[in-house]
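J.: Input input-v3.cif, format and content: mmCIF, C-alpha atoms.
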```cif
data_work
loop_
_atom_site.group_PDB
_atom_site.id
_atom_site.type_symbol
_atom_site.label_atom_id
_atom_site.label_comp_id
_atom_site.auth_asym_id
_atom_site.auth_seq_id
_atom_site.Cartn_x
_atom_site.Cartn_y
_atom_site.Cartn_z
ATOM 1 C CA MET A 229 5.817 13.991 -9.395
ATOM 2 C CA ASN A 230 5.739 10.593 -11.087
ATOM 3 C CA LYS A 231 3.382 7.901 -9.849
ATOM 4 C CA ALA A 232 6.296 5.430 -9.851
ATOM 5 C CA ASP A 233 7.991 7.542 -7.156
ATOM 6 C CA CYS A 234 4.904 7.444 -4.921
ATOM 7 C CA PHE A 235 2.758 5.051 -2.933
ATOM 8 C CA ASN A 236 -1.013 4.928 -2.733
ATOM 9 C CA LEU A 237 -2.110 6.318 0.626
ATOM 10 C CA GLY A 238 -5.848 5.755 0.133
ATOM 11 C CA HIS A 239 -8.692 7.688 -1.450
ATOM 12 C CA VAL A 240 -11.152 10.532 -1.003
ATOM 13 C CA ALA A 241 -14.085 8.724 0.607
ATOM 14 C CA LYS A 242 -16.843 11.296 0.959
ATOM 15 C CA LEU A 243 -17.770 14.923 1.443
ATOM 16 C CA HIS A 244 -17.792 16.260 4.975
ATOM 17 C CA GLY A 245 -20.181 19.176 5.241
ATOM 18 C CA PHE A 246 -20.658 21.860 2.610
ATOM 19 C CA LYS A 247 -17.535 24.018 3.125
ATOM 20 C CA GLY A 248 -15.209 21.812 1.080
ATOM 21 C CA GLU A 249 -14.037 19.414 3.766
ATOM 22 C CA VAL A 250 -13.618 15.806 2.729
ATOM 23 C CA SER A 251 -13.224 12.506 4.474
ATOM 24 C CA LEU A 252 -10.117 10.612 3.388
ATOM 25 C CA PHE A 253 -9.585 6.908 3.865
ATOM 26 C CA PHE A 254 -5.957 6.010 4.618
ATOM 27 C CA ASP A 255 -5.438 2.455 3.380
ATOM 28 C CA VAL A 256 -2.341 1.885 5.511
ATOM 29 C CA THR A 257 -1.451 -0.164 8.583
ATOM 30 C CA TYR A 258 -0.804 2.851 10.824
ATOM 31 C CA PRO A 259 -3.021 5.809 9.779
ATOM 32 C CA GLU A 260 -1.796 7.816 12.789
ATOM 33 C CA GLN A 261 1.575 8.198 11.036
ATOM 34 C CA TYR A 262 -0.174 10.577 8.642
ATOM 35 C CA ALA A 263 -1.961 12.730 11.248
ATOM 36 C CA SER A 264 0.243 15.745 10.534
ATOM 37 C CA LEU A 265 0.287 15.747 6.725
ATOM 38 C CA ASP A 266 0.947 19.154 5.238
ATOM 39 C CA ALA A 267 0.520 18.098 1.605
ATOM 40 C CA LEU A 268 -0.495 15.154 -0.565
ATOM 41 C CA PHE A 269 -1.139 14.311 -4.198
ATOM 42 C CA ILE A 270 -4.540 13.468 -5.640
ATOM 43 C CA GLU A 271 -4.714 11.669 -8.978
ATOM 44 C CA ILE A 272 -6.886 13.710 -11.311
ATOM 45 C CA ASN A 273 -7.219 12.704 -14.972
ATOM 46 C CA GLY A 274 -4.096 10.534 -14.701
ATOM 47 C CA PHE A 275 -1.928 13.303 -13.186
ATOM 48 C CA LEU A 276 -0.776 13.666 -9.589
ATOM 49 C CA THR A 277 -2.013 17.062 -8.466
ATOM 50 C CA PRO A 278 -0.529 18.551 -5.267
ATOM 51 C CA PHE A 279 -2.836 19.784 -2.527
ATOM 52 C CA PHE A 280 -1.825 21.496 0.713
ATOM 53 C CA VAL A 281 -3.587 20.403 3.891
ATOM 54 C CA GLU A 282 -5.011 23.213 6.037
ATOM 55 C CA ARG A 283 -6.132 20.881 8.817
ATOM 56 C CA ILE A 284 -6.547 17.198 9.446
ATOM 57 C CA THR A 285 -8.364 15.267 12.160
ATOM 58 C CA LEU A 286 -8.160 11.485 12.419
ATOM 59 C CA ASN A 287 -11.570 9.901 13.034
ATOM 60 C CA GLY A 288 -10.530 6.281 13.597
ATOM 61 C CA LYS A 289 -10.638 3.161 11.431
ATOM 62 C CA GLY A 290 -8.401 4.831 8.844
ATOM 63 C CA PHE A 291 -10.599 7.860 8.182
ATOM 64 C CA ALA A 292 -9.578 11.501 8.501
ATOM 65 C CA ARG A 293 -11.544 14.720 8.136
ATOM 66 C CA VAL A 294 -9.463 17.054 5.979
ATOM 67 C CA LYS A 295 -9.640 20.635 4.791
ATOM 68 C CA LEU A 296 -7.583 21.135 1.631
ATOM 69 C CA GLU A 297 -6.267 24.571 0.714
ATOM 70 C CA GLY A 298 -8.312 26.135 -2.096
ATOM 71 C CA VAL A 299 -11.185 23.672 -1.755
ATOM 72 C CA ASP A 300 -13.775 25.893 -0.080
ATOM 73 C CA SER A 301 -17.098 24.532 -1.278
ATOM 74 C CA GLU A 302 -18.988 21.328 -1.928
ATOM 75 C CA THR A 303 -18.815 22.183 -5.644
ATOM 76 C CA LEU A 304 -14.995 22.186 -5.569
ATOM 77 C CA ALA A 305 -14.788 19.087 -3.328
ATOM 78 C CA ARG A 306 -17.262 16.864 -5.216
ATOM 79 C CA PRO A 307 -14.934 16.139 -8.217
ATOM 80 C CA LEU A 308 -12.365 14.754 -5.734
ATOM 81 C CA LEU A 309 -14.670 11.957 -4.538
ATOM 82 C CA GLY A 310 -13.218 8.512 -5.151
ATOM 83 C CA LYS A 311 -9.870 9.905 -6.326
ATOM 84 C CA LEU A 312 -6.690 8.158 -5.187
ATOM 85 C CA LEU A 313 -4.248 9.773 -2.748
ATOM 86 C CA PHE A 314 -0.471 9.521 -3.122
ATOM 87 C CA LEU A 315 2.646 10.468 -1.179
ATOM 88 C CA PRO A 316 6.294 10.260 -2.245
ATOM 89 C CA LEU A 317 8.069 7.018 -1.318
ATOM 90 C CA THR A 318 10.650 9.146 0.482
ATOM 91 C CA VAL A 319 8.198 9.917 3.320
ATOM 92 C CA LEU A 320 7.748 6.257 4.243
ATOM 93 C CA PRO A 321 9.505 5.382 7.494
ATOM 94 C CA ALA A 322 12.171 2.699 6.988
ATOM 95 C CA LEU A 323 11.105 -0.757 8.138
ATOM 96 C CA GLU A 324 13.406 -3.346 9.640
ATOM 97 C CA GLY A 325 13.432 -7.074 10.163
ATOM 98 C CA ASN A 326 10.581 -9.000 8.587
ATOM 99 C CA ASP A 327 8.321 -5.978 8.258
ATOM 100 C CA PHE A 328 8.103 -4.622 4.713
ATOM 101 C CA TYR A 329 6.028 -2.466 2.408
ATOM 102 C CA ASP A 330 4.265 -4.363 -0.364
ATOM 103 C CA HIS A 331 6.033 -2.426 -3.136
ATOM 104 C CA GLU A 332 9.428 -2.950 -1.471
ATOM 105 C CA VAL A 333 9.615 -6.722 -2.078
ATOM 106 C CA ILE A 334 8.424 -6.817 -5.696
ATOM 107 C CA GLY A 335 11.135 -8.549 -7.696
ATOM 108 C CA TYR A 336 12.654 -10.322 -4.669
ATOM 109 C CA LYS A 337 13.688 -13.949 -5.080
ATOM 110 C CA VAL A 338 11.445 -16.184 -2.934
ATOM 111 C CA ILE A 339 13.080 -19.161 -1.248
ATOM 112 C CA ASP A 340 11.074 -21.675 0.760
ATOM 113 C CA LYS A 341 12.599 -23.457 3.764
ATOM 114 C CA ASN A 342 11.637 -26.908 2.427
ATOM 115 C CA PHE A 343 11.116 -26.454 -1.324
ATOM 116 C CA GLY A 344 14.086 -24.185 -2.107
ATOM 117 C CA GLU A 345 13.919 -21.435 -4.724
ATOM 118 C CA VAL A 346 10.310 -20.865 -5.769
ATOM 119 C CA GLY A 347 10.601 -17.880 -8.118
ATOM 120 C CA THR A 348 10.276 -14.101 -8.212
ATOM 121 C CA LEU A 349 7.766 -12.166 -6.114
ATOM 122 C CA SER A 350 5.562 -10.447 -8.678
ATOM 123 C CA GLN A 351 2.988 -8.785 -6.426
ATOM 124 C CA ILE A 352 1.301 -8.680 -3.058
ATOM 125 C CA ILE A 353 -2.425 -9.223 -3.503
ATOM 126 C CA ASP A 354 -3.852 -7.132 -0.699
ATOM 127 C CA LEU A 355 -7.061 -8.973 0.151
ATOM 128 C CA GLN A 356 -8.473 -7.765 3.461
ATOM 129 C CA VAL A 357 -9.123 -11.227 4.884
ATOM 130 C CA ASN A 358 -6.146 -13.091 3.440
ATOM 131 C CA PRO A 359 -3.362 -11.095 1.705
ATOM 132 C CA LEU A 360 -1.346 -13.229 -0.704
ATOM 133 C CA ILE A 361 2.209 -13.315 -2.007
ATOM 134 C CA GLN A 362 2.085 -13.865 -5.769
ATOM 135 C CA ILE A 363 5.184 -15.590 -7.120
ATOM 136 C CA ASP A 364 6.172 -16.131 -10.740
ATOM 137 C CA ALA A 365 7.707 -19.626 -10.788
ATOM 138 C CA LYS A 366 9.025 -19.823 -14.355
ATOM 139 C CA GLY A 367 5.706 -18.748 -15.816
ATOM 140 C CA LYS A 368 3.481 -20.510 -13.286
ATOM 141 C CA GLU A 369 1.651 -18.577 -10.591
ATOM 142 C CA VAL A 370 2.162 -19.591 -6.952
ATOM 143 C CA LEU A 371 0.072 -17.947 -4.229
ATOM 144 C CA ILE A 372 1.223 -18.055 -0.604
ATOM 145 C CA PRO A 373 -0.709 -16.571 2.332
ATOM 146 C CA MET A 374 1.122 -13.510 3.639
ATOM 147 C CA ARG A 375 1.198 -14.358 7.338
ATOM 148 C CA LYS A 376 3.842 -13.465 9.902
ATOM 149 C CA GLU A 377 4.533 -17.122 10.695
ATOM 150 C CA ILE A 378 5.235 -17.870 7.008
ATOM 151 C CA ILE A 379 7.723 -15.000 6.502
ATOM 152 C CA VAL A 380 11.069 -16.287 7.813
ATOM 153 C CA ARG A 381 13.416 -13.504 6.717
ATOM 154 C CA VAL A 382 13.573 -10.433 4.506
ATOM 155 C CA ASP A 383 17.080 -9.789 3.197
ATOM 156 C CA ARG A 384 17.074 -6.312 1.682
ATOM 157 C CA THR A 385 20.748 -6.479 0.720
ATOM 158 C CA ILE A 386 20.467 -9.419 -1.677
ATOM 159 C CA LYS A 387 16.702 -9.058 -2.276
ATOM 160 C CA ILE A 388 15.523 -12.390 -0.941
ATOM 161 C CA LEU A 389 12.291 -13.250 0.857
ATOM 162 C CA GLU A 390 12.616 -16.500 2.790
ATOM 163 C CA ILE A 391 9.374 -18.279 3.614
ATOM 164 C CA ASP A 392 8.169 -21.435 5.349
ATOM 165 C CA ALA A 393 5.077 -22.363 3.333
ATOM 166 C CA PRO A 394 2.794 -25.185 4.440
ATOM 167 C CA ILE A 395 4.112 -28.517 3.172
ATOM 168 C CA GLY A 396 2.710 -29.351 -0.275
ATOM 169 C CA LEU A 397 1.312 -25.886 -1.023
ATOM 170 C CA ILE A 398 4.011 -24.887 -3.522
ATOM 171 C CA GLN A 399 4.038 -28.317 -5.195
ATOM 172 C CA MET A 400 0.243 -28.066 -5.658
ATOM 173 C CA TYR A 401 0.791 -25.115 -8.028
ATOM 174 C CA LEU A 402 3.736 -26.623 -9.904
ATOM 175 C CA ASP A 403 2.544 -30.204 -10.528
#
```
Once more with this new file: its structure as structure tokens, please.

T.:
Amino acid sequence: MNKADCFNLGHVAKLHGFKGEVSLFFDVTYPEQYASLDALFIEINGFLTPFFVERITLNGKGFARVKLEGVDSETLARPLLGKLLFLPLTVLPALEGNDFYDHEVIGYKVIDKNFGEVGTLSQIIDLQVNPLIQIDAKGKEVLIPMRKEIIVRVDRTIKILEIDAPIGLIQMYLD
């Protein structure tokens, strides 16, 4: 499995007991969507290594207690600490309307209601307090808060993200 065909689900947060169980942190909006995982990939030494899930129990706030097949001791679980978790993009439920996955809109043309075409969406900066839309405007960086009231429309067919940025915000970056 290639990393480019996957999304980051979270990471192995800590050990849970001494029989190989681990606590995973699901860094997603709806962790409950992953309550019945039967397998996942853990990045080890740059490679995505498959692991089968024997049992999983959600603990709230994005954490889950997990028993992975073949990981039966603290000694086997300890090297997994801090490692990133991945799942194939194909398991993501399709989103509609103005809801989108961060990776989905990379490369979209960004058009502001008042300013017009701003540039190309280069990344979503996922800050916990204030996520940002990073736009490449002909070599200049423009950062727009990623808030529901700013996102006007996501057009998946022609790959356009329409926004309504606060007046003057875009010009501040380009002047």

J.: Between A:Lys311, A:Lys295, A:Lys368, A:His244, which is the closest to Asp266 of chain A once you count all atoms listed in the file?

T.: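 Counting all atoms listed in the file, the residue closest to Asp266 of chain A is A:Lys295.
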
J.: With the PyMOL selection byres ((chain A and resi 398) around 10) as the selection, what would be picked from this file? Answer as a ChimeraX atom specification, please.

T.: /A:340,342-343,346,365,369-372,393-397,399-403

J.: Starting from the PyMOL selection byres ((chain A and resi 274-281) around 10), expand the selection into actual residues of this file and give them as a ChimeraX atom specification.

T.: /A:229-231,234,264-273,282-284,294-299,312-315

J.: Return as number ranges by chain the set of residues that the PyMOL selection byres ((chain A and resi 320) around 10) yields on the displayed structure.

T.: A: 234-235, 261, 315-319, 321-323, 329

J.: Which residue out of A:Lys341, A:Lys247, A:Lys376, A:Arg381 has the minimum interatomic distance to Asp300 of chain A when all atoms listed in the file are used?

T.: A:Lys247

J.: Give the answer as one residue: which of A:Pro359, A:Gly238, A:Gly310, A:Pro373 has the shortest atom-to-atom distance to Ala292 of chain A, using all atoms listed in the file?

T.: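 Of A:Pro359, A:Gly238, A:Gly310, A:Pro373, the one nearest Ala292 of chain A is A:Gly238, counting all atoms listed in the file.
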
J.: The centre and edge lengths of an axis-aligned box containing all atoms of segment 264-280 of chain A present in the file, extended by 8 Å on each side, are to be given in Å to one decimal, as JSON.

T.:
```
{"center_x": -3.1, "center_y": 16.0, "center_z": -2.2, "size_x": 24.2, "size_y": 27.0, "size_z": 41.5}
```

J.: To one decimal in Å, tell me the separation between atom CA of Leu304 of chain A and atom CA of Lys289 of chain A.

T.: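 For atom CA of Leu304 of chain A relative to atom CA of Lys289 of chain A, the distance reads 25.9 Å.
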
J.: Rank A:Gly347, A:Lys387, A:Val382, A:Asp255 by their smallest atom-to-atom distance to Phe328 of chain A, using all atoms listed in the file, and report the top residue only.

T.: A:Val382

J.: When you look at Val357 of chain A with a cut-off of 12 Å (counting all atoms listed in the file), what residues show up, excluding the ones that are within fewer than 4 positions of it in the same chain? I need them as a ChimeraX atom specification.

T.: /A:353,373-375

J.: Given all atoms listed in the file as the basis, pick out the residue of A:Ile352, A:Leu389, A:Leu237, A:Val380 nearest to Tyr262 of chain A.

T.: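 The shortest atom-to-atom distance to Tyr262 of chain A comes from A:Leu237.
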
J.: As an exercise, work out the distance from atom CA of Leu308 of chain A to atom CA of Asp233 of chain A in Å and give it to one decimal place.

T.: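 Between atom CA of Leu308 of chain A and atom CA of Asp233 of chain A the gap works out to 21.6 Å.
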
J.: Atom CA of His239 of chain A to atom CA of Phe291 of chain A: how many Å, to one decimal?

T.: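 The value is 9.8 Å.
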
J.: Go through A:Glu324, A:Glu260, A:Asp364, A:Asp392 and flag the residue nearest Lys337 of chain A, using only C-alpha atoms for the distances.

T.: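 Looking at the shortest contact to Lys337 of chain A, the residue is A:Asp364.
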